[in-house]
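Asker: Just dropping this structure here.
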Amino acid sequence: MHDPTEGGIATALVELAEAAGVGCASTPSASCGCRGVELCRAFDLDPLGTIASGALLLTLAPAEAGM
């Protein structure tokens with residue numbers, strides 16, 4: 001688990017990948033219609049780089065995730 005508050009989701013994903021000794025790739029969802037994405041577009045901000053207060057990232061093995 002990782003708190004992505006400082007540095008945003010992108011930084012947290014890199015930190016998780018480094019800790020696990022793996023790589024990662026991410027692509028923001030073009031279909032997300034939430035207000036945060038709209039605000040980021042209006043102010044030319046990267047949604048994966050803005051602060052993510054209140055979020056928590058969790059990783060699991062595919063078998064544990066029911067996949």
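If you're wondering about the labels, chains in the structure tokens are A, B, ... by order shown, residues count from 1 in each chain, ligands from 1 in order shown.
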Got a sec to tell me which of chain A DSSP assigns to alpha helix (DSSP H), as a ChimeraX atom specification?
Answerer: /A:8-20,35-42
Asker: Tell me which protein, DNA and RNA residues are within 12 Å of Asp46 of chain A, counting only C-alpha atoms, leaving out same-chain ones fewer than 5 positions away, and put them as a list in words.
Answerer: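 Result of the neighbour search: Gly7, Gly8, Ile9, Ala10, Thr11, Thr27, Pro28, Gly36, Val37, Glu38, Leu39, Cys40, Arg41, Ile51 and Ala52 of chain A.
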Asker: Calculated over only C-alpha atoms, which of the candidates A:Ala65, A:Leu57, A:Cys24, A:Phe43 has the smallest distance to Ala12 of chain A?
Answerer: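 Smallest separation from Ala12 of chain A among the options: A:Leu57.
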Asker: Pick out the residues sitting within 10 Å of Thr59 of chain A, and hand them over as a list of chain:residue names; count only C-alpha atoms, and ignore anything fewer than 6 positions along from it in its own chain.
Answerer: A:Met1, A:His2, A:Leu13, A:Leu16, A:Ala17, A:Ala20, A:Ala65
Asker: Take the residues from that selection and write them out as a PDB file, in the first residue's frame, keeping N, CA, C and O atoms.
Answerer:
ATOM      1  N   MET A   1       0.852  -1.175   0.000  1.00  0.00           N
ATOM      2  CA  MET A   1       0.000   0.000   0.000  1.00  0.00           C
ATOM      3  C   MET A   1       0.893   1.231   0.000  1.00  0.00           C
ATOM      4  O   MET A   1       2.004   1.204   0.520  1.00  0.00           O
ATOM      5  N   HIS A   2       0.371   2.299  -0.602  1.00  0.00           N
ATOM      6  CA  HIS A   2       1.142   3.530  -0.681  1.00  0.00           C
ATOM      7  C   HIS A   2       0.199   4.728  -0.711  1.00  0.00           C
ATOM      8  O   HIS A   2      -0.830   4.701  -1.395  1.00  0.00           O
ATOM      9  N   LEU A  13       3.181   5.381  -8.320  1.00  0.00           N
ATOM     10  CA  LEU A  13       3.333   4.165  -9.109  1.00  0.00           C
ATOM     11  C   LEU A  13       4.799   3.822  -9.331  1.00  0.00           C
ATOM     12  O   LEU A  13       5.202   2.657  -9.231  1.00  0.00           O
ATOM     13  N   LEU A  16       6.199   2.490  -6.028  1.00  0.00           N
ATOM     14  CA  LEU A  16       5.754   1.109  -5.798  1.00  0.00           C
ATOM     15  C   LEU A  16       6.517   0.134  -6.690  1.00  0.00           C
ATOM     16  O   LEU A  16       6.950  -0.926  -6.235  1.00  0.00           O
ATOM     17  N   ALA A  17       6.677   0.487  -7.953  1.00  0.00           N
ATOM     18  CA  ALA A  17       7.392  -0.390  -8.883  1.00  0.00           C
ATOM     19  C   ALA A  17       8.842  -0.568  -8.467  1.00  0.00           C
ATOM     20  O   ALA A  17       9.371  -1.683  -8.483  1.00  0.00           O
ATOM     21  N   ALA A  20       9.122  -2.896  -5.564  1.00  0.00           N
ATOM     22  CA  ALA A  20       8.841  -4.281  -5.926  1.00  0.00           C
ATOM     23  C   ALA A  20       9.846  -4.845  -6.926  1.00  0.00           C
ATOM     24  O   ALA A  20       9.825  -6.033  -7.230  1.00  0.00           O
ATOM     25  N   ALA A  65      -6.319 -10.887  -6.556  1.00  0.00           N
ATOM     26  CA  ALA A  65      -7.272  -9.879  -7.010  1.00  0.00           C
ATOM     27  C   ALA A  65      -8.465 -10.500  -7.717  1.00  0.00           C
ATOM     28  O   ALA A  65      -9.332  -9.789  -8.220  1.00  0.00           O
TER      29      ALA A  65
END
